>>> print(open('upload.tsv').read())   # TSV, N, CA and C atoms
chain	number	residue	atom	x	y	z
A	1	MET	N	-4.03	20.27	-8.23
A	1	MET	CA	-4.28	18.89	-7.89
A	1	MET	C	-5.32	18.83	-6.78
A	2	ASP	N	-6.22	17.91	-6.92
A	2	ASP	CA	-7.26	17.75	-5.91
A	2	ASP	C	-6.78	16.87	-4.77
A	3	TRP	N	-7.12	17.28	-3.58
A	3	TRP	CA	-6.82	16.51	-2.37
A	3	TRP	C	-8.14	15.95	-1.88
A	4	LYS	N	-8.18	14.65	-1.63
A	4	LYS	CA	-9.39	14.02	-1.12
A	4	LYS	C	-9.14	13.58	0.31
A	5	LEU	N	-9.69	14.31	1.24
A	5	LEU	CA	-9.48	14.03	2.66
A	5	LEU	C	-10.80	13.68	3.31
A	6	THR	N	-10.77	12.67	4.17
A	6	THR	CA	-11.97	12.22	4.87
A	6	THR	C	-11.72	12.27	6.37
A	7	ASP	N	-12.77	12.08	7.12
A	7	ASP	CA	-12.67	12.13	8.58
A	7	ASP	C	-12.42	10.77	9.22
A	8	ASP	N	-12.34	9.72	8.41
A	8	ASP	CA	-12.25	8.38	8.97
A	8	ASP	C	-10.84	7.92	9.35
A	9	ARG	N	-9.83	8.67	8.92
A	9	ARG	CA	-8.43	8.31	9.21
A	9	ARG	C	-7.62	9.58	9.43
A	10	PRO	N	-6.46	9.46	10.08
A	10	PRO	CA	-5.64	10.67	10.31
A	10	PRO	C	-5.31	11.39	8.99
A	11	ILE	N	-5.43	12.70	9.03
A	11	ILE	CA	-5.18	13.52	7.84
A	11	ILE	C	-3.75	13.35	7.34
A	12	TRP	N	-2.77	13.33	8.27
A	12	TRP	CA	-1.37	13.22	7.83
A	12	TRP	C	-1.15	11.92	7.07
A	13	LEU	N	-1.83	10.86	7.46
A	13	LEU	CA	-1.68	9.58	6.78
A	13	LEU	C	-2.29	9.64	5.38
A	14	GLN	N	-3.42	10.28	5.26
A	14	GLN	CA	-4.04	10.45	3.94
A	14	GLN	C	-3.16	11.30	3.03
A	15	LEU	N	-2.57	12.34	3.59
A	15	LEU	CA	-1.66	13.19	2.81
A	15	LEU	C	-0.44	12.39	2.34
A	16	THR	N	0.10	11.57	3.24
A	16	THR	CA	1.25	10.73	2.89
A	16	THR	C	0.89	9.80	1.73
A	17	GLU	N	-0.27	9.17	1.83
A	17	GLU	CA	-0.70	8.25	0.78
A	17	GLU	C	-0.88	8.97	-0.56
A	18	GLN	N	-1.47	10.14	-0.52
A	18	GLN	CA	-1.70	10.88	-1.76
A	18	GLN	C	-0.39	11.41	-2.36
A	19	MET	N	0.52	11.83	-1.51
A	19	MET	CA	1.84	12.26	-2.00
A	19	MET	C	2.60	11.06	-2.58
A	20	THR	N	2.50	9.93	-1.91
A	20	THR	CA	3.14	8.71	-2.42
A	20	THR	C	2.62	8.38	-3.81
A	21	ARG	N	1.32	8.43	-3.96
A	21	ARG	CA	0.71	8.14	-5.27
A	21	ARG	C	1.21	9.12	-6.33
A	22	ARG	N	1.32	10.39	-5.96
A	22	ARG	CA	1.80	11.39	-6.91
A	22	ARG	C	3.25	11.16	-7.30
A	23	ILE	N	4.02	10.66	-6.37
A	23	ILE	CA	5.43	10.38	-6.67
A	23	ILE	C	5.55	9.15	-7.57
A	24	ILE	N	4.87	8.06	-7.23
A	24	ILE	CA	5.04	6.83	-8.01
A	24	ILE	C	4.38	6.89	-9.38
A	25	THR	N	3.44	7.82	-9.56
A	25	THR	CA	2.82	7.96	-10.88
A	25	THR	C	3.53	9.01	-11.74
A	26	GLY	N	4.55	9.67	-11.18
A	26	GLY	CA	5.34	10.60	-11.97
A	26	GLY	C	4.86	12.04	-11.95
A	27	ILE	N	3.83	12.34	-11.16
A	27	ILE	CA	3.42	13.75	-11.04
A	27	ILE	C	4.60	14.54	-10.48
A	28	TYR	N	5.28	13.94	-9.51
A	28	TYR	CA	6.55	14.46	-9.01
A	28	TYR	C	7.62	13.45	-9.44
A	29	PRO	N	8.31	13.69	-10.54
A	29	PRO	CA	9.28	12.72	-11.07
A	29	PRO	C	10.51	12.53	-10.18
A	30	PRO	N	11.22	11.42	-10.38
A	30	PRO	CA	12.44	11.18	-9.60
A	30	PRO	C	13.41	12.36	-9.73
A	31	GLY	N	13.94	12.79	-8.58
A	31	GLY	CA	14.91	13.87	-8.57
A	31	GLY	C	14.31	15.26	-8.58
A	32	SER	N	13.00	15.36	-8.73
A	32	SER	CA	12.38	16.69	-8.79
A	32	SER	C	12.22	17.27	-7.38
A	33	ARG	N	12.12	18.58	-7.36
A	33	ARG	CA	11.93	19.29	-6.09
A	33	ARG	C	10.45	19.29	-5.75
A	34	LEU	N	10.13	18.94	-4.51
A	34	LEU	CA	8.74	19.00	-4.05
A	34	LEU	C	8.41	20.44	-3.66
A	35	PRO	N	7.15	20.83	-3.80
A	35	PRO	CA	6.76	22.15	-3.32
A	35	PRO	C	7.02	22.25	-1.82
A	36	SER	N	7.11	23.47	-1.32
A	36	SER	CA	7.38	23.68	0.10
A	36	SER	C	6.21	23.17	0.95
A	37	VAL	N	6.50	22.98	2.23
A	37	VAL	CA	5.48	22.56	3.18
A	37	VAL	C	4.30	23.53	3.14
A	38	ARG	N	4.60	24.80	3.17
A	38	ARG	CA	3.54	25.81	3.18
A	38	ARG	C	2.72	25.79	1.89
A	39	GLU	N	3.38	25.62	0.76
A	39	GLU	CA	2.66	25.55	-0.52
A	39	GLU	C	1.71	24.35	-0.54
A	40	LEU	N	2.23	23.20	-0.15
A	40	LEU	CA	1.43	21.98	-0.15
A	40	LEU	C	0.29	22.07	0.86
A	41	ALA	N	0.57	22.63	2.05
A	41	ALA	CA	-0.46	22.78	3.08
A	41	ALA	C	-1.58	23.69	2.59
A	42	ALA	N	-1.22	24.80	1.96
A	42	ALA	CA	-2.22	25.72	1.44
A	42	ALA	C	-3.05	25.05	0.36
A	43	GLU	N	-2.40	24.31	-0.52
A	43	GLU	CA	-3.08	23.61	-1.61
A	43	GLU	C	-4.07	22.58	-1.06
A	44	ALA	N	-3.66	21.85	-0.01
A	44	ALA	CA	-4.50	20.80	0.57
A	44	ALA	C	-5.50	21.35	1.58
A	45	GLY	N	-5.29	22.58	2.03
A	45	GLY	CA	-6.17	23.18	3.01
A	45	GLY	C	-5.98	22.60	4.41
A	46	VAL	N	-4.71	22.31	4.74
A	46	VAL	CA	-4.40	21.73	6.05
A	46	VAL	C	-3.36	22.59	6.76
A	47	ASN	N	-3.17	22.32	8.03
A	47	ASN	CA	-2.16	22.99	8.83
A	47	ASN	C	-0.77	22.59	8.33
A	48	PRO	N	0.17	23.53	8.24
A	48	PRO	CA	1.53	23.18	7.80
A	48	PRO	C	2.17	22.07	8.66
A	49	ASN	N	1.86	22.03	9.95
A	49	ASN	CA	2.43	20.98	10.80
A	49	ASN	C	1.94	19.59	10.37
A	50	THR	N	0.70	19.52	9.92
A	50	THR	CA	0.15	18.25	9.44
A	50	THR	C	0.86	17.83	8.16
A	51	MET	N	1.07	18.77	7.26
A	51	MET	CA	1.78	18.46	6.02
A	51	MET	C	3.22	18.09	6.31
A	52	GLN	N	3.84	18.78	7.27
A	52	GLN	CA	5.21	18.47	7.66
A	52	GLN	C	5.32	17.01	8.11
A	53	ARG	N	4.35	16.57	8.88
A	53	ARG	CA	4.36	15.18	9.37
A	53	ARG	C	4.25	14.20	8.19
A	54	ALA	N	3.40	14.52	7.22
A	54	ALA	CA	3.25	13.67	6.04
A	54	ALA	C	4.55	13.61	5.24
A	55	LEU	N	5.20	14.74	5.07
A	55	LEU	CA	6.45	14.77	4.31
A	55	LEU	C	7.58	14.07	5.06
A	56	ALA	N	7.57	14.17	6.38
A	56	ALA	CA	8.56	13.45	7.19
A	56	ALA	C	8.38	11.95	7.00
A	57	GLN	N	7.13	11.50	6.86
A	57	GLN	CA	6.88	10.08	6.63
A	57	GLN	C	7.39	9.66	5.25
A	58	LEU	N	7.25	10.53	4.26
A	58	LEU	CA	7.79	10.23	2.93
A	58	LEU	C	9.30	10.05	2.99
A	59	GLU	N	9.95	10.88	3.79
A	59	GLU	CA	11.39	10.75	3.97
A	59	GLU	C	11.72	9.42	4.64
A	60	GLN	N	10.97	9.08	5.67
A	60	GLN	CA	11.20	7.82	6.37
A	60	GLN	C	10.98	6.63	5.44
A	61	ASP	N	10.03	6.74	4.53
A	61	ASP	CA	9.74	5.68	3.57
A	61	ASP	C	10.75	5.63	2.42
A	62	GLY	N	11.65	6.61	2.37
A	62	GLY	CA	12.67	6.63	1.33
A	62	GLY	C	12.23	7.26	0.02
A	63	LEU	N	11.06	7.88	0.01
A	63	LEU	CA	10.56	8.48	-1.23
A	63	LEU	C	11.01	9.92	-1.43
A	64	ALA	N	11.43	10.56	-0.37
A	64	ALA	CA	11.88	11.95	-0.46
A	64	ALA	C	13.11	12.12	0.42
A	65	LYS	N	13.86	13.18	0.10
A	65	LYS	CA	15.08	13.48	0.86
A	65	LYS	C	15.14	14.98	1.06
A	66	ALA	N	15.43	15.38	2.28
A	66	ALA	CA	15.55	16.81	2.57
A	66	ALA	C	16.95	17.28	2.25
A	67	ASP	N	17.03	18.41	1.59
A	67	ASP	CA	18.31	19.04	1.26
A	67	ASP	C	18.23	20.46	1.82
A	68	ARG	N	19.15	20.82	2.69
A	68	ARG	CA	19.08	22.12	3.36
A	68	ARG	C	18.98	23.30	2.39
A	69	THR	N	19.63	23.20	1.26
A	69	THR	CA	19.63	24.34	0.33
A	69	THR	C	18.56	24.24	-0.75
A	70	ALA	N	18.17	23.03	-1.11
A	70	ALA	CA	17.24	22.87	-2.23
A	70	ALA	C	15.83	22.46	-1.79
A	71	GLY	N	15.60	22.24	-0.52
A	71	GLY	CA	14.28	21.78	-0.07
A	71	GLY	C	14.19	20.27	-0.18
A	72	ARG	N	13.00	19.77	-0.25
A	72	ARG	CA	12.80	18.32	-0.35
A	72	ARG	C	12.80	17.90	-1.81
A	73	MET	N	13.46	16.79	-2.05
A	73	MET	CA	13.55	16.24	-3.40
A	73	MET	C	12.98	14.84	-3.40
A	74	VAL	N	12.38	14.44	-4.53
A	74	VAL	CA	11.93	13.07	-4.71
A	74	VAL	C	13.18	12.21	-4.92
A	75	THR	N	13.17	11.03	-4.34
A	75	THR	CA	14.31	10.14	-4.50
A	75	THR	C	14.57	9.84	-5.97
A	76	GLN	N	15.81	9.59	-6.28
A	76	GLN	CA	16.18	9.15	-7.63
A	76	GLN	C	16.37	7.65	-7.66
A	77	ASP	N	16.20	6.99	-6.53
A	77	ASP	CA	16.38	5.55	-6.41
A	77	ASP	C	15.18	4.83	-7.03
A	78	THR	N	15.33	4.40	-8.27
A	78	THR	CA	14.22	3.76	-8.96
A	78	THR	C	13.83	2.43	-8.33
A	79	ALA	N	14.74	1.78	-7.64
A	79	ALA	CA	14.40	0.52	-6.95
A	79	ALA	C	13.38	0.79	-5.84
A	80	VAL	N	13.56	1.87	-5.11
A	80	VAL	CA	12.60	2.24	-4.06
A	80	VAL	C	11.25	2.58	-4.69
A	81	LEU	N	11.27	3.36	-5.74
A	81	LEU	CA	10.03	3.74	-6.41
A	81	LEU	C	9.30	2.52	-6.96
A	82	ASP	N	10.05	1.60	-7.58
A	82	ASP	CA	9.44	0.39	-8.12
A	82	ASP	C	8.86	-0.49	-7.03
A	83	ALA	N	9.54	-0.59	-5.90
A	83	ALA	CA	9.06	-1.40	-4.78
A	83	ALA	C	7.76	-0.83	-4.21
A	84	VAL	N	7.71	0.48	-4.08
A	84	VAL	CA	6.49	1.12	-3.55
A	84	VAL	C	5.35	0.97	-4.56
A	85	ARG	N	5.65	1.14	-5.83
A	85	ARG	CA	4.63	1.00	-6.88
A	85	ARG	C	4.07	-0.42	-6.87
A	86	ARG	N	4.96	-1.39	-6.73
A	86	ARG	CA	4.53	-2.80	-6.70
A	86	ARG	C	3.67	-3.08	-5.45
A	87	ALA	N	4.06	-2.54	-4.31
A	87	ALA	CA	3.29	-2.72	-3.08
A	87	ALA	C	1.89	-2.11	-3.24
A	88	GLN	N	1.81	-0.95	-3.86
A	88	GLN	CA	0.52	-0.31	-4.10
A	88	GLN	C	-0.34	-1.16	-5.04
A	89	ALA	N	0.29	-1.71	-6.06
A	89	ALA	CA	-0.43	-2.58	-7.00
A	89	ALA	C	-0.96	-3.82	-6.29
A	90	ARG	N	-0.17	-4.36	-5.39
A	90	ARG	CA	-0.58	-5.55	-4.64
A	90	ARG	C	-1.84	-5.26	-3.82
A	91	VAL	N	-1.90	-4.10	-3.21
A	91	VAL	CA	-3.08	-3.71	-2.43
A	91	VAL	C	-4.31	-3.64	-3.34
A	92	VAL	N	-4.16	-3.02	-4.50
A	92	VAL	CA	-5.27	-2.89	-5.44
A	92	VAL	C	-5.72	-4.28	-5.91
A	93	MET	N	-4.77	-5.15	-6.19
A	93	MET	CA	-5.13	-6.50	-6.63
A	93	MET	C	-5.86	-7.27	-5.53
A	94	GLU	N	-5.41	-7.14	-4.29
A	94	GLU	CA	-6.07	-7.81	-3.18
A	94	GLU	C	-7.50	-7.30	-3.01
A	95	GLN	N	-7.69	-6.00	-3.19
A	95	GLN	CA	-9.04	-5.44	-3.10
A	95	GLN	C	-9.93	-6.01	-4.21
A	96	TYR	N	-9.37	-6.13	-5.40
A	96	TYR	CA	-10.12	-6.68	-6.54
A	96	TYR	C	-10.49	-8.14	-6.28
A	97	ILE	N	-9.54	-8.93	-5.85
A	97	ILE	CA	-9.79	-10.35	-5.59
A	97	ILE	C	-10.84	-10.50	-4.49
A	98	HIS	N	-10.75	-9.69	-3.46
A	98	HIS	CA	-11.72	-9.74	-2.37
A	98	HIS	C	-13.13	-9.38	-2.87
A	99	ALA	N	-13.22	-8.31	-3.65
A	99	ALA	CA	-14.52	-7.89	-4.19
A	99	ALA	C	-15.10	-8.96	-5.11
A	100	MET	N	-14.25	-9.57	-5.91
A	100	MET	CA	-14.72	-10.62	-6.82
A	100	MET	C	-15.15	-11.87	-6.04
A	101	ALA	N	-14.46	-12.17	-4.95
A	101	ALA	CA	-14.85	-13.30	-4.11
A	101	ALA	C	-16.24	-13.08	-3.53
A	102	GLU	N	-16.53	-11.82	-3.17
A	102	GLU	CA	-17.87	-11.51	-2.65
A	102	GLU	C	-18.94	-11.73	-3.71
A	103	LEU	N	-18.55	-11.64	-4.98
A	103	LEU	CA	-19.48	-11.90	-6.08
A	103	LEU	C	-19.51	-13.38	-6.47
A	104	GLY	N	-18.69	-14.19	-5.80
A	104	GLY	CA	-18.69	-15.63	-6.04
A	104	GLY	C	-17.63	-16.12	-7.01
A	105	TYR	N	-16.69	-15.28	-7.38
A	105	TYR	CA	-15.61	-15.67	-8.29
A	105	TYR	C	-14.41	-16.19	-7.51
A	106	THR	N	-13.74	-17.19	-8.05
A	106	THR	CA	-12.48	-17.65	-7.48
A	106	THR	C	-11.40	-16.69	-7.98
A	107	PRO	N	-10.22	-16.70	-7.33
A	107	PRO	CA	-9.13	-15.84	-7.83
A	107	PRO	C	-8.79	-16.13	-9.30
A	108	GLY	N	-8.80	-17.39	-9.68
A	108	GLY	CA	-8.51	-17.74	-11.07
A	108	GLY	C	-9.55	-17.20	-12.03
A	109	GLU	N	-10.81	-17.29	-11.63
A	109	GLU	CA	-11.89	-16.77	-12.46
A	109	GLU	C	-11.80	-15.25	-12.56
A	110	ALA	N	-11.45	-14.60	-11.46
A	110	ALA	CA	-11.32	-13.14	-11.47
A	110	ALA	C	-10.19	-12.72	-12.41
A	111	ALA	N	-9.07	-13.44	-12.36
A	111	ALA	CA	-7.94	-13.13	-13.25
A	111	ALA	C	-8.33	-13.38	-14.71
A	112	ALA	N	-9.03	-14.47	-14.96
A	112	ALA	CA	-9.46	-14.79	-16.33
A	112	ALA	C	-10.41	-13.72	-16.86
A	113	LEU	N	-11.29	-13.24	-16.00
A	113	LEU	CA	-12.24	-12.21	-16.40
A	113	LEU	C	-11.49	-10.91	-16.78
A	114	LEU	N	-10.49	-10.57	-16.01
A	114	LEU	CA	-9.68	-9.39	-16.33
A	114	LEU	C	-9.01	-9.55	-17.69
A	115	LYS	N	-8.45	-10.73	-17.90
A	115	LYS	CA	-7.76	-10.99	-19.16
A	115	LYS	C	-8.74	-10.95	-20.33
A	116	GLU	N	-9.92	-11.51	-20.11
A	116	GLU	CA	-10.97	-11.54	-21.14
A	116	GLU	C	-11.44	-10.14	-21.49
A	117	GLU	N	-11.59	-9.30	-20.48
A	117	GLU	CA	-12.07	-7.94	-20.69
A	117	GLU	C	-10.99	-7.01	-21.23
A	118	LYS	N	-9.73	-7.41	-21.09
A	118	LYS	CA	-8.59	-6.62	-21.57
A	118	LYS	C	-8.64	-5.19	-21.06
A	119	LEU	N	-8.87	-5.07	-19.75
A	119	LEU	CA	-8.96	-3.74	-19.14
A	119	LEU	C	-7.63	-3.12	-18.98
>>> encode(input="upload.tsv", output="structure tokens")
Amino acid sequence: MDWKLTDDRPIWLQLTEQMTRRIITGIYPPGSRLPSVRELAAEAGVNPNTMQRALAQLEQDGLAKADRTAGRMVTQDTAVLDAVRRAQARVVMEQYIHAMAELGYTPGEAAALLKEEKL
């Protein structure tokens, strides 16, 4: 999996966002075991402490749970996953509406254009 990291925001936050996306899209399905901190850190090319902070945030957000014997697991709570997925969708929609407004479209026109294009 490719990690896209930039210098404009904290790395741990970018890692959290990318892990969140992987969880809500099913790359890491509900109830599955997440790779270890060291595995993920090596894959992303970051310090294990940075990855640890990102995974701790996933736990705080309710997307992952630490199990002393099994490592970290993705939550099985589909309500949490659905809520996070919906929140992510809302952000994407707001970005779309904002970009379309810059082009001179009203929100209704932007929605109609999407429907017309059947994207």
>>> closest_residue(input="upload.tsv", among="A:Ala66, A:Leu55, A:Ala44, A:Leu114", to="Asp2 of chain A", atoms="all atoms listed in the file")
A:Ala44
>>> residues_near_point(input="upload.tsv", point="(2.8, 22.3, 5.9)", cutoff="6 Å", atoms="only N, CA and C atoms", output="mmCIF file with N, CA and C atoms, in the coordinates of the input")
data_model
loop_
_atom_site.group_PDB
_atom_site.id
_atom_site.type_symbol
_atom_site.label_atom_id
_atom_site.label_comp_id
_atom_site.auth_asym_id
_atom_site.auth_seq_id
_atom_site.Cartn_x
_atom_site.Cartn_y
_atom_site.Cartn_z
ATOM 1 N N VAL A 37 6.500 22.980 2.230
ATOM 2 C CA VAL A 37 5.480 22.560 3.180
ATOM 3 C C VAL A 37 4.300 23.530 3.140
ATOM 4 N N ARG A 38 4.600 24.800 3.170
ATOM 5 C CA ARG A 38 3.540 25.810 3.180
ATOM 6 C C ARG A 38 2.720 25.790 1.890
ATOM 7 N N LEU A 40 2.230 23.200 -0.150
ATOM 8 C CA LEU A 40 1.430 21.980 -0.150
ATOM 9 C C LEU A 40 0.290 22.070 0.860
ATOM 10 N N ALA A 41 0.570 22.630 2.050
ATOM 11 C CA ALA A 41 -0.460 22.780 3.080
ATOM 12 C C ALA A 41 -1.580 23.690 2.590
ATOM 13 N N ASN A 47 -3.170 22.320 8.030
ATOM 14 C CA ASN A 47 -2.160 22.990 8.830
ATOM 15 C C ASN A 47 -0.770 22.590 8.330
ATOM 16 N N PRO A 48 0.170 23.530 8.240
ATOM 17 C CA PRO A 48 1.530 23.180 7.800
ATOM 18 C C PRO A 48 2.170 22.070 8.660
ATOM 19 N N ASN A 49 1.860 22.030 9.950
ATOM 20 C CA ASN A 49 2.430 20.980 10.800
ATOM 21 C C ASN A 49 1.940 19.590 10.370
ATOM 22 N N THR A 50 0.700 19.520 9.920
ATOM 23 C CA THR A 50 0.150 18.250 9.440
ATOM 24 C C THR A 50 0.860 17.830 8.160
ATOM 25 N N MET A 51 1.070 18.770 7.260
ATOM 26 C CA MET A 51 1.780 18.460 6.020
ATOM 27 C C MET A 51 3.220 18.090 6.310
ATOM 28 N N GLN A 52 3.840 18.780 7.270
ATOM 29 C CA GLN A 52 5.210 18.470 7.660
ATOM 30 C C GLN A 52 5.320 17.010 8.110
#
>>> closest_residue(input="upload.tsv", among="A:Ala79, A:Ala101, A:Met73, A:Ala54", to="Pro30 of chain A", atoms="only N, CA and C atoms")
A:Met73
>>> residues_around(input="upload.tsv", residues="Leu34 of chain A", least_positions_apart="4", cutoff="8 Å", atoms="only C-alpha atoms", output="ChimeraX atom specification")
/A:28,71-74
>>> write_last_selection(input="upload.tsv", atoms="N, CA and C atoms", output="PDB file, keeping the file's coordinate frame")
ATOM      1  N   TYR A  28       5.280  13.940  -9.510  1.00  0.00           N
ATOM      2  CA  TYR A  28       6.550  14.460  -9.010  1.00  0.00           C
ATOM      3  C   TYR A  28       7.620  13.450  -9.440  1.00  0.00           C
ATOM      4  N   GLY A  71      15.600  22.240  -0.520  1.00  0.00           N
ATOM      5  CA  GLY A  71      14.280  21.780  -0.070  1.00  0.00           C
ATOM      6  C   GLY A  71      14.190  20.270  -0.180  1.00  0.00           C
ATOM      7  N   ARG A  72      13.000  19.770  -0.250  1.00  0.00           N
ATOM      8  CA  ARG A  72      12.800  18.320  -0.350  1.00  0.00           C
ATOM      9  C   ARG A  72      12.800  17.900  -1.810  1.00  0.00           C
ATOM     10  N   MET A  73      13.460  16.790  -2.050  1.00  0.00           N
ATOM     11  CA  MET A  73      13.550  16.240  -3.400  1.00  0.00           C
ATOM     12  C   MET A  73      12.980  14.840  -3.400  1.00  0.00           C
ATOM     13  N   VAL A  74      12.380  14.440  -4.530  1.00  0.00           N
ATOM     14  CA  VAL A  74      11.930  13.070  -4.710  1.00  0.00           C
ATOM     15  C   VAL A  74      13.180  12.210  -4.920  1.00  0.00           C
TER      16      VAL A  74
END
>>> select_by_dssp(input="upload.tsv", residues="chain A", states="helix (DSSP H, G or I)", output="MDAnalysis selection string")
chainID A and resid 11:24 37:44 48:60 78:102 107:117
>>> closest_residue(input="upload.tsv", among="A:Gln95, A:Ala70, A:Pro10, A:Leu81", to="Leu58 of chain A", atoms="only C-alpha atoms")
A:Leu81
>>> atom_distance(input="upload.tsv", atom1="atom CA of Arg21 of chain A", atom2="atom CA of Asp7 of chain A")
19.7 Å
>>> closest_residue(input="upload.tsv", among="A:Leu113, A:Ile97, A:Val84, A:Leu103", to="Thr25 of chain A", atoms="only C-alpha atoms")
A:Val84
>>> axis_aligned_box(input="upload.tsv", around="segment 42-49 of chain A", padding_each_side="8 Å", output="JSON")
{"center_x": -1.9, "center_y": 22.7, "center_z": 4.6, "size_x": 24.6, "size_y": 22.1, "size_z": 28.4}
>>> select_by_dssp(input="upload.tsv", residues="chain A", states="strand (DSSP E or B)", output="list in words")
Arg33, Ala64, Lys65, Ala66, Asp67, Gly71, Arg72, Met73 and Val74 of chain A
>>> closest_residue(input="upload.tsv", among="A:Asp67, A:Glu39, A:Arg53, A:Ala112", to="Leu13 of chain A", atoms="all atoms listed in the file")
A:Arg53
>>> closest_residue(input="upload.tsv", among="A:Glu59, A:Trp3, A:Ile24, A:Tyr105", to="Asp82 of chain A", atoms="all atoms listed in the file")
A:Ile24
>>> residues_around(input="upload.tsv", residues="Val80 of chain A", least_positions_apart="3", cutoff="8 Å", atoms="all atoms listed in the file", output="list in words")
Asp61, Gly62, Leu63, Gln76, Asp77, Ala83, Val84, Arg85 and Arg86 of chain A
>>> atom_distance(input="upload.tsv", atom1="atom CA of Gln60 of chain A", atom2="atom CA of Tyr96 of chain A")
28.8 Å
>>> atom_distance(input="upload.tsv", atom1="atom C of Glu117 of chain A", atom2="atom CA of Val91 of chain A")
20.7 Å
>>> decode(input="upload.tsv", residues="segment 40-61 of chain A", atoms="N, CA and C atoms", output="PDB file, in the first residue's frame")
ATOM      1  N   LEU A  40       3.846  -1.485  10.191  1.00  0.00           N
ATOM      2  CA  LEU A  40       3.238  -0.315   9.561  1.00  0.00           C
ATOM      3  C   LEU A  40       4.244   0.823   9.424  1.00  0.00           C
ATOM      4  N   ALA A  41       5.066   1.030  10.462  1.00  0.00           N
ATOM      5  CA  ALA A  41       6.069   2.094  10.423  1.00  0.00           C
ATOM      6  C   ALA A  41       7.078   1.841   9.305  1.00  0.00           C
ATOM      7  N   ALA A  42       7.525   0.602   9.181  1.00  0.00           N
ATOM      8  CA  ALA A  42       8.478   0.258   8.126  1.00  0.00           C
ATOM      9  C   ALA A  42       7.844   0.467   6.751  1.00  0.00           C
ATOM     10  N   GLU A  43       6.600   0.053   6.601  1.00  0.00           N
ATOM     11  CA  GLU A  43       5.886   0.196   5.333  1.00  0.00           C
ATOM     12  C   GLU A  43       5.735   1.673   4.952  1.00  0.00           C
ATOM     13  N   ALA A  44       5.429   2.520   5.947  1.00  0.00           N
ATOM     14  CA  ALA A  44       5.216   3.947   5.692  1.00  0.00           C
ATOM     15  C   ALA A  44       6.520   4.736   5.674  1.00  0.00           C
ATOM     16  N   GLY A  45       7.589   4.142   6.179  1.00  0.00           N
ATOM     17  CA  GLY A  45       8.869   4.822   6.233  1.00  0.00           C
ATOM     18  C   GLY A  45       8.918   5.899   7.307  1.00  0.00           C
ATOM     19  N   VAL A  46       8.275   5.603   8.447  1.00  0.00           N
ATOM     20  CA  VAL A  46       8.245   6.566   9.553  1.00  0.00           C
ATOM     21  C   VAL A  46       8.767   5.911  10.826  1.00  0.00           C
ATOM     22  N   ASN A  47       9.012   6.731  11.821  1.00  0.00           N
ATOM     23  CA  ASN A  47       9.443   6.259  13.131  1.00  0.00           C
ATOM     24  C   ASN A  47       8.297   5.481  13.789  1.00  0.00           C
ATOM     25  N   PRO A  48       8.586   4.353  14.444  1.00  0.00           N
ATOM     26  CA  PRO A  48       7.528   3.597  15.123  1.00  0.00           C
ATOM     27  C   PRO A  48       6.737   4.437  16.135  1.00  0.00           C
ATOM     28  N   ASN A  49       7.396   5.394  16.793  1.00  0.00           N
ATOM     29  CA  ASN A  49       6.675   6.242  17.748  1.00  0.00           C
ATOM     30  C   ASN A  49       5.609   7.089  17.053  1.00  0.00           C
ATOM     31  N   THR A  50       5.905   7.519  15.836  1.00  0.00           N
ATOM     32  CA  THR A  50       4.940   8.297  15.065  1.00  0.00           C
ATOM     33  C   THR A  50       3.748   7.430  14.694  1.00  0.00           C
ATOM     34  N   MET A  51       4.016   6.212  14.259  1.00  0.00           N
ATOM     35  CA  MET A  51       2.933   5.291  13.912  1.00  0.00           C
ATOM     36  C   MET A  51       2.132   4.932  15.153  1.00  0.00           C
ATOM     37  N   GLN A  52       2.814   4.756  16.286  1.00  0.00           N
ATOM     38  CA  GLN A  52       2.129   4.449  17.541  1.00  0.00           C
ATOM     39  C   GLN A  52       1.124   5.553  17.877  1.00  0.00           C
ATOM     40  N   ARG A  53       1.528   6.791  17.683  1.00  0.00           N
ATOM     41  CA  ARG A  53       0.628   7.919  17.972  1.00  0.00           C
ATOM     42  C   ARG A  53      -0.597   7.885  17.053  1.00  0.00           C
ATOM     43  N   ALA A  54      -0.386   7.551  15.781  1.00  0.00           N
ATOM     44  CA  ALA A  54      -1.495   7.455  14.834  1.00  0.00           C
ATOM     45  C   ALA A  54      -2.458   6.338  15.235  1.00  0.00           C
ATOM     46  N   LEU A  55      -1.916   5.201  15.624  1.00  0.00           N
ATOM     47  CA  LEU A  55      -2.766   4.074  16.020  1.00  0.00           C
ATOM     48  C   LEU A  55      -3.498   4.360  17.333  1.00  0.00           C
ATOM     49  N   ALA A  56      -2.850   5.084  18.229  1.00  0.00           N
ATOM     50  CA  ALA A  56      -3.514   5.478  19.476  1.00  0.00           C
ATOM     51  C   ALA A  56      -4.702   6.376  19.165  1.00  0.00           C
ATOM     52  N   GLN A  57      -4.562   7.227  18.149  1.00  0.00           N
ATOM     53  CA  GLN A  57      -5.680   8.092  17.756  1.00  0.00           C
ATOM     54  C   GLN A  57      -6.822   7.259  17.167  1.00  0.00           C
ATOM     55  N   LEU A  58      -6.495   6.224  16.416  1.00  0.00           N
ATOM     56  CA  LEU A  58      -7.533   5.330  15.883  1.00  0.00           C
ATOM     57  C   LEU A  58      -8.312   4.683  17.024  1.00  0.00           C
ATOM     58  N   GLU A  59      -7.597   4.308  18.075  1.00  0.00           N
ATOM     59  CA  GLU A  59      -8.264   3.735  19.247  1.00  0.00           C
ATOM     60  C   GLU A  59      -9.174   4.768  19.897  1.00  0.00           C
ATOM     61  N   GLN A  60      -8.678   5.980  20.040  1.00  0.00           N
ATOM     62  CA  GLN A  60      -9.471   7.044  20.647  1.00  0.00           C
ATOM     63  C   GLN A  60     -10.713   7.339  19.808  1.00  0.00           C
ATOM     64  N   ASP A  61     -10.594   7.227  18.492  1.00  0.00           N
ATOM     65  CA  ASP A  61     -11.718   7.466  17.593  1.00  0.00           C
ATOM     66  C   ASP A  61     -12.691   6.286  17.534  1.00  0.00           C
TER      67      ASP A  61
END
